[in-house]
$ cat work01.csv   # CSV, C-alpha atoms
chain,number,residue,atom,x,y,z
Q,55,MET,CA,137.0,119.6,67.4
Q,56,ALA,CA,134.3,117.2,68.7
Q,57,GLU,CA,136.3,116.8,72.0
Q,58,ARG,CA,136.8,120.6,72.2
Q,59,SER,CA,133.0,121.2,71.9
Q,60,GLY,CA,132.1,118.3,74.2
Q,61,VAL,CA,130.0,116.3,71.6
Q,62,ALA,CA,130.2,113.1,69.6
Q,63,VAL,CA,132.0,113.1,66.3
Q,64,SER,CA,128.7,112.4,64.5
Q,65,THR,CA,127.1,115.3,66.3
Q,66,ALA,CA,129.9,117.7,65.3
Q,67,SER,CA,129.6,116.5,61.7
Q,68,ARG,CA,125.9,117.2,61.6
Q,69,ALA,CA,126.4,120.6,63.3
Q,70,LEU,CA,128.7,121.6,60.4
Q,71,THR,CA,126.8,120.1,57.5
Q,72,LYS,CA,123.2,119.9,58.7
Q,73,PRO,CA,122.8,122.4,61.5
Q,74,GLY,CA,119.1,122.0,61.6
Q,75,ARG,CA,119.6,118.4,62.9
Q,76,VAL,CA,121.1,119.6,66.2
Q,77,SER,CA,120.0,122.2,68.8
Q,78,GLU,CA,121.0,125.8,68.3
Q,79,ALA,CA,123.2,125.7,71.4
Q,80,THR,CA,125.1,122.6,70.3
Q,81,ALA,CA,125.6,124.0,66.8
Q,82,GLN,CA,127.0,127.2,68.2
Q,83,ARG,CA,129.5,125.3,70.5
Q,84,VAL,CA,130.7,123.2,67.5
Q,85,LEU,CA,131.1,126.3,65.3
Q,86,ASP,CA,133.0,128.1,68.1
Q,87,ALA,CA,135.3,125.2,68.4
Q,88,ALA,CA,135.8,125.0,64.7
Q,89,ARG,CA,136.8,128.6,64.5
Q,90,GLU,CA,139.2,128.2,67.4
Q,91,LEU,CA,140.9,125.3,65.7
Q,92,GLY,CA,140.9,126.9,62.3
Q,93,TYR,CA,138.8,124.1,60.9
Q,94,SER,CA,137.5,124.3,57.3
Q,95,ALA,CA,134.7,121.9,56.3
Q,96,SER,CA,136.3,120.9,53.0
Q,97,ALA,CA,135.0,117.9,51.1
Q,98,ALA,CA,138.2,116.0,51.9
Q,99,GLY,CA,137.9,116.7,55.6
Q,100,ARG,CA,134.2,115.7,55.6
Q,101,ALA,CA,135.0,112.5,53.9
Q,102,LEU,CA,137.8,111.6,56.3
Q,103,SER,CA,135.7,112.3,59.4
Q,104,SER,CA,132.4,110.7,58.2
Q,105,GLY,CA,133.5,107.9,55.9
Q,106,ARG,CA,131.5,109.5,53.1
Q,107,THR,CA,132.6,111.0,49.8
Q,108,TRP,CA,129.8,113.6,49.8
Q,109,THR,CA,129.3,112.8,46.1
Q,110,VAL,CA,126.2,111.4,44.3
Q,111,ALA,CA,126.1,110.1,40.8
Q,112,LEU,CA,123.2,110.7,38.4
Q,113,VAL,CA,123.3,108.0,35.6
Q,114,VAL,CA,121.3,108.8,32.5
Q,115,PRO,CA,120.9,106.7,29.2
Q,116,ASP,CA,121.5,109.7,26.9
Q,117,ILE,CA,122.9,113.0,28.0
Q,118,THR,CA,122.0,114.7,24.7
Q,119,ASN,CA,118.3,114.0,25.2
Q,120,PRO,CA,116.6,117.2,26.5
Q,121,PHE,CA,114.3,115.1,28.7
Q,122,PHE,CA,117.2,114.8,31.1
Q,123,PHE,CA,118.1,118.5,31.2
Q,124,GLY,CA,115.3,119.3,33.6
Q,125,VAL,CA,116.0,116.1,35.6
Q,126,ILE,CA,119.7,117.2,35.9
Q,127,ARG,CA,118.7,120.7,37.1
Q,128,GLY,CA,116.3,119.4,39.7
Q,129,THR,CA,118.7,116.8,41.0
Q,130,GLN,CA,121.7,119.2,41.1
Q,131,SER,CA,119.7,121.9,43.0
Q,132,ARG,CA,118.6,119.5,45.8
Q,133,LEU,CA,122.0,117.9,46.1
Q,134,ARG,CA,123.7,121.2,46.4
Q,135,GLU,CA,121.4,122.2,49.2
Q,136,GLY,CA,122.4,118.9,51.0
Q,137,GLY,CA,126.1,119.7,50.6
Q,138,TYR,CA,126.8,117.0,48.0
Q,139,ALA,CA,128.8,117.2,44.8
Q,140,HIS,CA,127.1,115.9,41.6
Q,141,VAL,CA,128.6,113.5,39.1
Q,142,LEU,CA,126.8,112.9,35.7
Q,143,VAL,CA,127.3,109.7,33.8
Q,144,ASP,CA,126.0,109.0,30.3
Q,145,THR,CA,125.5,105.3,29.4
Q,146,GLU,CA,124.6,105.9,25.8
Q,147,GLU,CA,121.5,103.6,25.9
Q,148,SER,CA,123.8,100.7,26.7
Q,149,VAL,CA,122.9,98.1,29.4
Q,150,GLU,CA,126.6,97.0,29.5
Q,151,ALA,CA,127.7,100.6,29.9
Q,152,GLU,CA,125.2,101.1,32.8
Q,153,GLU,CA,126.6,98.0,34.5
Q,154,ARG,CA,130.2,99.2,34.1
Q,155,ALA,CA,129.3,102.6,35.5
Q,156,LEU,CA,127.8,101.1,38.6
Q,157,ARG,CA,130.8,98.9,39.2
Q,158,SER,CA,133.1,101.9,38.9
Q,159,LEU,CA,130.9,104.2,41.0
Q,160,ARG,CA,130.1,102.0,44.0
Q,161,ARG,CA,133.2,102.8,45.9
Q,162,SER,CA,133.6,106.4,44.8
Q,163,VAL,CA,130.1,107.9,45.5
Q,164,ASP,CA,127.7,107.7,48.5
Q,165,GLY,CA,124.7,106.9,46.3
Q,166,VAL,CA,123.3,106.7,42.8
Q,167,ILE,CA,120.2,108.1,41.0
Q,168,LEU,CA,119.4,105.9,38.0
Q,169,ALA,CA,117.3,107.8,35.5
Q,170,ALA,CA,115.3,105.6,33.1
Q,171,SER,CA,117.5,102.6,33.8
Q,172,ARG,CA,117.8,100.0,31.0
Q,173,LEU,CA,118.8,97.2,33.4
Q,174,ASP,CA,116.5,94.3,34.0
Q,175,ASP,CA,114.7,93.7,37.3
Q,176,ASP,CA,117.2,91.1,38.7
Q,177,SER,CA,120.2,93.4,38.0
Q,178,LEU,CA,118.5,96.3,39.8
Q,179,VAL,CA,117.6,94.2,42.8
Q,180,ARG,CA,121.3,93.1,43.0
Q,181,TRP,CA,122.6,96.7,42.7
Q,182,SER,CA,120.1,98.0,45.2
Q,183,GLY,CA,121.6,95.7,47.8
Q,184,ASP,CA,125.2,96.9,46.9
Q,185,ILE,CA,124.8,100.7,46.9
Q,186,PRO,CA,122.2,103.2,48.0
Q,187,LEU,CA,120.2,104.1,44.9
Q,188,VAL,CA,117.0,105.7,43.8
Q,189,THR,CA,115.4,104.9,40.5
Q,190,LEU,CA,113.7,107.6,38.4
Q,191,ASN,CA,111.1,106.6,35.9
Q,192,ARG,CA,111.6,103.0,36.9
Q,193,THR,CA,110.3,100.7,39.6
Q,194,PHE,CA,109.8,96.9,39.9
Q,195,PRO,CA,108.7,94.2,42.3
Q,196,ALA,CA,110.9,93.5,45.4
Q,197,LEU,CA,112.8,96.8,45.2
Q,198,THR,CA,113.5,98.1,48.6
Q,199,SER,CA,115.1,101.4,47.3
Q,200,PRO,CA,112.8,104.4,46.7
Q,201,SER,CA,111.7,105.5,43.3
Q,202,VAL,CA,110.2,108.4,41.4
Q,203,VAL,CA,107.8,107.6,38.5
Q,204,ILE,CA,106.5,110.0,35.9
Q,205,ASP,CA,103.0,108.9,34.9
Q,206,THR,CA,103.5,109.0,31.2
Q,207,PRO,CA,101.0,106.1,30.6
Q,208,SER,CA,98.1,108.3,31.7
Q,209,GLY,CA,99.5,111.1,29.6
Q,210,ALA,CA,99.6,108.8,26.6
Q,211,VAL,CA,96.0,107.8,27.2
Q,212,GLN,CA,95.0,111.5,27.4
Q,213,ALA,CA,96.7,111.9,24.0
Q,214,LEU,CA,94.8,108.9,22.5
Q,215,GLU,CA,91.5,110.3,23.9
Q,216,HIS,CA,92.4,113.6,22.3
Q,217,LEU,CA,92.9,112.0,18.9
Q,218,ALA,CA,89.7,109.9,19.3
Q,219,SER,CA,87.7,113.1,20.1
Q,220,LEU,CA,89.0,114.5,16.8
Q,221,GLY,CA,87.6,111.6,14.9
Q,222,HIS,CA,90.7,109.5,14.5
Q,223,ARG,CA,89.9,105.8,14.4
Q,224,ARG,CA,93.2,104.4,13.3
Q,225,VAL,CA,96.2,105.5,15.4
Q,226,ALA,CA,99.7,104.3,15.6
Q,227,TYR,CA,102.1,104.2,18.6
Q,228,ALA,CA,105.8,104.7,17.6
Q,229,GLY,CA,107.4,103.0,20.6
Q,230,GLY,CA,110.7,103.5,22.3
Q,231,PRO,CA,113.6,101.1,23.1
Q,232,ARG,CA,112.9,97.5,23.9
Q,233,THR,CA,114.6,97.9,27.2
Q,234,SER,CA,112.5,100.9,28.3
Q,235,TRP,CA,110.3,100.1,31.3
Q,236,SER,CA,108.2,103.3,30.6
Q,237,ASP,CA,107.6,102.1,27.0
Q,238,GLY,CA,106.1,98.8,28.2
Q,239,ARG,CA,103.8,100.6,30.6
Q,240,ARG,CA,102.6,102.9,27.9
Q,241,ARG,CA,101.9,100.1,25.4
Q,242,THR,CA,99.7,98.3,28.1
Q,243,ALA,CA,97.8,101.5,28.9
Q,244,LEU,CA,97.2,102.4,25.3
Q,245,ALA,CA,96.0,98.9,24.3
Q,246,GLU,CA,93.4,99.1,27.1
Q,247,ALA,CA,92.3,102.6,26.2
Q,248,ALA,CA,92.1,101.8,22.5
Q,249,ARG,CA,89.6,99.0,23.3
Q,250,ARG,CA,87.5,101.3,25.4
Q,251,LEU,CA,87.6,104.1,22.8
Q,252,ARG,CA,87.0,101.7,19.9
Q,253,VAL,CA,90.2,102.9,18.2
Q,254,GLU,CA,92.4,100.6,16.1
Q,255,LEU,CA,95.8,100.9,17.6
Q,256,THR,CA,98.9,99.8,15.7
Q,257,ALA,CA,102.0,99.4,17.8
Q,258,LEU,CA,105.3,100.1,15.9
Q,259,GLY,CA,108.9,99.9,16.9
Q,260,PRO,CA,111.0,99.7,18.9
Q,261,TYR,CA,112.7,102.9,17.9
Q,262,ALA,CA,115.7,104.7,19.4
Q,263,PRO,CA,114.4,107.8,21.3
Q,264,GLN,CA,116.3,110.1,19.0
Q,265,ARG,CA,115.5,112.5,16.1
Q,266,GLU,CA,117.4,110.3,13.7
Q,267,ALA,CA,114.9,107.4,14.2
Q,268,GLY,CA,112.0,109.6,13.2
Q,269,PRO,CA,112.1,109.1,9.4
Q,270,ALA,CA,111.8,105.3,9.7
Q,271,ALA,CA,109.0,105.7,12.2
Q,272,ALA,CA,107.2,108.2,10.0
Q,273,ASP,CA,107.4,105.8,7.0
Q,274,ALA,CA,106.0,102.9,9.1
Q,275,VAL,CA,103.1,105.1,10.3
Q,276,VAL,CA,102.2,106.1,6.7
Q,277,GLN,CA,102.4,102.5,5.6
Q,278,SER,CA,100.1,101.5,8.5
Q,279,GLY,CA,97.3,103.7,7.2
Q,280,ALA,CA,96.9,105.5,10.6
Q,281,THR,CA,95.7,109.1,10.6
Q,282,GLY,CA,97.4,109.9,13.9
Q,283,VAL,CA,100.5,108.8,15.7
Q,284,LEU,CA,101.7,109.0,19.3
Q,285,ALA,CA,105.5,109.1,19.5
Q,286,PHE,CA,107.6,107.7,22.4
Q,287,ASN,CA,109.2,111.1,23.0
Q,288,ASP,CA,109.5,114.5,21.4
Q,289,LEU,CA,112.8,113.8,19.7
Q,290,LEU,CA,111.3,111.0,17.8
Q,291,ALA,CA,108.3,113.2,16.9
Q,292,PHE,CA,110.6,116.0,15.7
Q,293,GLY,CA,112.3,113.5,13.2
Q,294,MET,CA,108.8,112.3,12.1
Q,295,LEU,CA,107.6,115.8,11.4
Q,296,GLU,CA,110.7,116.4,9.2
Q,297,ARG,CA,110.1,113.1,7.3
Q,298,LEU,CA,106.4,113.7,6.8
Q,299,GLU,CA,107.1,117.2,5.4
Q,300,HIS,CA,109.6,115.7,3.0
Q,301,ARG,CA,107.0,113.1,1.9
Q,302,GLY,CA,104.4,115.8,1.3
Q,303,VAL,CA,102.2,114.6,4.1
Q,304,ARG,CA,100.5,117.6,5.7
Q,305,VAL,CA,100.4,117.8,9.5
Q,306,PRO,CA,97.8,117.9,10.9
Q,307,ASP,CA,95.5,117.9,7.8
Q,308,GLU,CA,96.6,114.4,6.7
Q,309,MET,CA,98.4,113.2,9.8
Q,310,SER,CA,98.3,114.2,13.5
Q,311,VAL,CA,101.5,113.8,15.5
Q,312,VAL,CA,101.7,113.8,19.3
Q,313,GLY,CA,104.9,113.7,21.3
Q,314,CYS,CA,105.8,113.1,24.9
Q,315,ASP,CA,107.9,115.1,27.5
Q,316,ASP,CA,107.4,118.7,26.2
Q,317,VAL,CA,111.1,119.3,25.9
Q,318,PHE,CA,112.7,122.5,24.8
Q,319,GLY,CA,111.8,123.2,21.2
Q,320,ALA,CA,108.4,121.4,21.2
Q,321,ASP,CA,106.7,124.8,20.8
Q,322,LEU,CA,109.2,126.0,18.3
Q,323,VAL,CA,109.0,123.4,15.6
Q,324,ARG,CA,106.5,123.9,12.8
Q,325,PRO,CA,103.8,122.9,13.3
Q,326,SER,CA,104.2,123.3,17.0
Q,327,LEU,CA,104.1,119.9,18.7
Q,328,THR,CA,101.1,118.6,20.7
Q,329,THR,CA,102.8,116.7,23.5
Q,330,VAL,CA,102.5,115.2,27.0
Q,331,ARG,CA,104.1,117.5,29.5
Q,332,ALA,CA,106.2,115.8,32.2
Q,333,PRO,CA,107.4,117.6,35.4
Q,334,LEU,CA,111.1,116.8,34.8
Q,335,GLU,CA,112.8,119.2,37.2
Q,336,LYS,CA,110.4,118.2,40.0
Q,337,ALA,CA,111.2,114.6,39.3
Q,338,GLY,CA,114.9,115.2,39.6
Q,339,HIS,CA,114.4,117.1,42.9
Q,340,HIS,CA,112.2,114.3,44.4
Q,341,ALA,CA,114.8,111.7,43.4
Q,342,ALA,CA,117.6,113.6,45.1
Q,343,GLU,CA,115.4,114.2,48.1
Q,344,LEU,CA,114.7,110.5,48.5
Q,345,LEU,CA,118.4,109.6,48.1
Q,346,LEU,CA,119.5,112.1,50.7
Q,347,ALA,CA,116.8,110.8,53.1
Q,348,SER,CA,118.1,107.2,52.6
Q,349,LEU,CA,121.6,108.4,53.4
Q,350,ASP,CA,120.6,110.2,56.6
Q,351,PRO,CA,122.2,108.3,59.5
Q,352,VAL,CA,119.8,109.9,62.0
Q,353,HIS,CA,116.5,109.7,60.3
Q,354,PRO,CA,116.8,107.3,57.4
Q,355,ARG,CA,113.6,106.6,55.5
Q,356,ALA,CA,113.1,104.8,52.2
Q,357,GLY,CA,109.7,106.4,51.5
Q,358,ALA,CA,107.0,105.2,49.2
Q,359,PRO,CA,107.4,105.6,45.5
Q,360,VAL,CA,106.6,109.1,44.3
Q,361,GLU,CA,104.3,109.3,41.2
Q,362,LEU,CA,104.1,112.6,39.4
Q,363,PRO,CA,101.2,113.4,37.1
Q,364,THR,CA,101.4,114.5,33.4
Q,365,HIS,CA,99.0,116.4,31.2
Q,366,LEU,CA,98.5,116.9,27.5
Q,367,VAL,CA,99.5,120.2,25.9
Q,368,VAL,CA,97.5,120.7,22.7
Q,369,ARG,CA,99.3,122.7,19.9
Q,370,GLU,CA,99.2,122.7,16.1
Q,371,SER,CA,100.4,119.2,15.2
Q,372,SER,CA,97.1,117.5,16.0
Q,373,GLY,CA,93.7,118.2,14.3
Q,374,PRO,CA,90.6,116.5,13.0
Q,375,ALA,CA,90.9,113.2,11.2
Q,376,PRO,CA,90.9,113.6,7.4
Q,377,SER,CA,87.6,112.8,5.9
$ encode --input "work01.csv" --output "structure tokens"
Amino acid sequence: MAERSGVAVSTASRALTKPGRVSEATAQRVLDAARELGYSASAAGRALSSGRTWTVALVVPDITNPFFFGVIRGTQSRLREGGYAHVLVDTEESVEAEERALRSLRRSVDGVILAASRLDDDSLVRWSGDIPLVTLNRTFPALTSPSVVIDTPSGAVQALEHLASLGHRRVAYAGGPRTSWSDGRRRTALAEAARRLRVELTALGPYAPQREAGPAAADAVVQSGATGVLAFNDLLAFGMLERLEHRGVRVPDEMSVVGCDDVFGADLVRPSLTTVRAPLEKAGHHAAELLLASLDPVHPRAGAPVELPTHLVVRESSGPAPS
């Protein structure tokens, strides 16, 4: 087909998969030749002609966490536009499973989006040299691969400022997994903000970012004497609300609870959850955009890290500190 249209094989491939990358006249010649030859741009044919699989993997630590629903939608939408299939891998919060997934994927996909990776810095540097990848909600020194970061630390500080403005002087932070890069950033930001606001901050955890971990976190918060708590994510906050109700602790009259992510259901629980809203679908879209750009043989560009802002959504679960 390339010979029939008088262009290079790479040009013919772009004309069929990314027509905007070639001139209109060239694209038309290639399309005419394809029709004459009865060519169908199947995934198998594209892989044979280009050496690509036209498949990208999205690796997440917990597929049941609603946080990733928006990420998946955003990633899938952009990959579909680029002509790529989308493979979803759940590592179940396991570092070992994440390593196994990358070993099995590196020869079967063109690139990987690692969402909230639990790997350490050295492992990520090693994998970034082995397969094209983009990290979402994770970055680290010496990484040459692009990344998308959701600014949850500033959102957590907004939440602490909100509680301080309501008179809370003893606040707890129910943290996430020990391997969570985002959790470490939030702990640092909250400690600095607590000193500025003259709030006594008690850091608790680590806790699994799941509803089932909520009861233990709620018990620890009550024991700490705090009048307000910032939860690592909404799922943990949901479990805390249930436990506090069971213990007879009224929210927000006796305890204010703030979550993070604003996942589906945050406005449906009772009391509705004050939380930090994260642009999850936009984050997935940006991550896919960066990966496709890095895979572009004509105009590759790693791009600077993309940082997306967050903001606090005030609902019924936060209120004035008890007198």
$ residues_around --input "work01.csv" --residues "segment 123-127 of chain Q" --least-positions-apart "5" --cutoff "6 Å" --atoms "only C-alpha atoms" --output "PyMOL selection string"
chain Q and resi 334-335+338
$ atom_distance --input "work01.csv" --atom1 "atom CA of Asp237 of chain Q" --atom2 "atom CA of Glu343 of chain Q"
25.5 Å
$ residues_around --input "work01.csv" --residues "Phe122 of chain Q" --least-positions-apart "6" --cutoff "10 Å" --atoms "all atoms listed in the file" --output "list of chain:residue names"
Q:Val114, Q:Pro115, Q:Asp116, Q:Gly128, Q:Ala169, Q:Ala170, Q:Asp315, Q:Val317, Q:Leu334, Q:Glu335, Q:Gly338
$ atom_distance --input "work01.csv" --atom1 "atom CA of Val211 of chain Q" --atom2 "atom CA of Leu366 of chain Q"
9.4 Å
$ residues_near_point --input "work01.csv" --point "(129.2, 100.9, 43.1)" --cutoff "10 Å" --atoms "only C-alpha atoms" --output "VMD selection string"
chain Q and resid 111 153 to 166 181 to 182 184 to 187
$ residues_around --input "work01.csv" --residues "Pro231 of chain Q" --least-positions-apart "2" --cutoff "10 Å" --atoms "only C-alpha atoms" --output "number ranges by chain"
Q: 147, 172, 229, 233-238, 259-263, 286
$ residues_near_point --input "work01.csv" --point "(102.4, 105.8, 17.9)" --cutoff "7 Å" --atoms "all atoms listed in the file" --output "mmCIF file with C-alpha atoms, in the frame of the given file"
data_model
loop_
_atom_site.group_PDB
_atom_site.id
_atom_site.type_symbol
_atom_site.label_atom_id
_atom_site.label_comp_id
_atom_site.auth_asym_id
_atom_site.auth_seq_id
_atom_site.Cartn_x
_atom_site.Cartn_y
_atom_site.Cartn_z
ATOM 1 C CA VAL Q 225 96.200 105.500 15.400
ATOM 2 C CA ALA Q 226 99.700 104.300 15.600
ATOM 3 C CA TYR Q 227 102.100 104.200 18.600
ATOM 4 C CA ALA Q 228 105.800 104.700 17.600
ATOM 5 C CA GLY Q 229 107.400 103.000 20.600
ATOM 6 C CA ALA Q 257 102.000 99.400 17.800
ATOM 7 C CA LEU Q 258 105.300 100.100 15.900
ATOM 8 C CA VAL Q 283 100.500 108.800 15.700
ATOM 9 C CA LEU Q 284 101.700 109.000 19.300
ATOM 10 C CA ALA Q 285 105.500 109.100 19.500
#
$ atom_distance --input "work01.csv" --atom1 "atom CA of Val110 of chain Q" --atom2 "atom CA of Asp174 of chain Q"
22.2 Å
$ residues_around --input "work01.csv" --residues "segment 296-307 of chain Q" --least-positions-apart "4" --cutoff "12 Å" --atoms "only C-alpha atoms" --output "PyMOL selection string"
chain Q and resi 217+220+222+265-277+281-283+289-292+311-312+323-328+369-377
$ decode --input "work01.csv" --residues "segment 240-287 of chain Q" --atoms "C-alpha atoms" --output "JSON list (two decimals), in the first residue's frame"
[["chain", "number", "residue", "atom", "x", "y", "z"],
["Q", 240, "ARG", "CA", -0.17, 15.28, 52.84],
["Q", 241, "ARG", "CA", 1.41, 14.52, 56.20],
["Q", 242, "THR", "CA", 4.19, 17.02, 55.50],
["Q", 243, "ALA", "CA", 1.78, 19.73, 54.29],
["Q", 244, "LEU", "CA", -0.59, 19.22, 57.23],
["Q", 245, "ALA", "CA", 2.20, 19.35, 59.82],
["Q", 246, "GLU", "CA", 3.38, 22.71, 58.44],
["Q", 247, "ALA", "CA", -0.17, 24.09, 58.27],
["Q", 248, "ALA", "CA", -0.97, 22.93, 61.81],
["Q", 249, "ARG", "CA", 1.97, 24.91, 63.19],
["Q", 250, "ARG", "CA", 0.85, 28.01, 61.28],
["Q", 251, "LEU", "CA", -2.75, 27.63, 62.44],
["Q", 252, "ARG", "CA", -1.76, 26.68, 66.00],
["Q", 253, "VAL", "CA", -3.70, 23.46, 65.77],
["Q", 254, "GLU", "CA", -2.65, 20.30, 67.59],
["Q", 255, "LEU", "CA", -2.44, 17.68, 64.84],
["Q", 256, "THR", "CA", -2.36, 13.96, 65.66],
["Q", 257, "ALA", "CA", -1.22, 11.72, 62.80],
["Q", 258, "LEU", "CA", -2.80, 8.26, 62.92],
["Q", 259, "GLY", "CA", -2.43, 5.18, 60.78],
["Q", 260, "PRO", "CA", -1.43, 3.85, 58.36],
["Q", 261, "TYR", "CA", -4.87, 2.61, 57.33],
["Q", 262, "ALA", "CA", -5.98, 0.75, 54.23],
["Q", 263, "PRO", "CA", -7.88, 3.17, 51.94],
["Q", 264, "GLN", "CA", -11.04, 1.10, 52.34],
["Q", 265, "ARG", "CA", -14.35, 1.37, 54.14],
["Q", 266, "GLU", "CA", -13.48, -1.65, 56.26],
["Q", 267, "ALA", "CA", -10.59, 0.24, 57.89],
["Q", 268, "GLY", "CA", -12.90, 3.02, 59.04],
["Q", 269, "PRO", "CA", -13.98, 1.55, 62.39],
["Q", 270, "ALA", "CA", -10.41, 1.20, 63.67],
["Q", 271, "ALA", "CA", -9.60, 4.70, 62.49],
["Q", 272, "ALA", "CA", -12.70, 6.13, 64.17],
["Q", 273, "ASP", "CA", -11.86, 4.42, 67.46],
["Q", 274, "ALA", "CA", -8.33, 5.85, 67.34],
["Q", 275, "VAL", "CA", -9.65, 9.36, 66.64],
["Q", 276, "VAL", "CA", -12.04, 9.21, 69.59],
["Q", 277, "GLN", "CA", -9.22, 7.96, 71.80],
["Q", 278, "SER", "CA", -6.97, 10.83, 70.65],
["Q", 279, "GLY", "CA", -9.36, 13.46, 71.97],
["Q", 280, "ALA", "CA", -9.58, 15.24, 68.61],
["Q", 281, "THR", "CA", -12.79, 17.07, 67.72],
["Q", 282, "GLY", "CA", -12.20, 16.83, 63.96],
["Q", 283, "VAL", "CA", -10.59, 14.32, 61.62],
["Q", 284, "LEU", "CA", -9.24, 14.42, 58.08],
["Q", 285, "ALA", "CA", -9.47, 11.00, 56.42],
["Q", 286, "PHE", "CA", -7.06, 9.82, 53.72],
["Q", 287, "ASN", "CA", -9.95, 9.16, 51.35]]
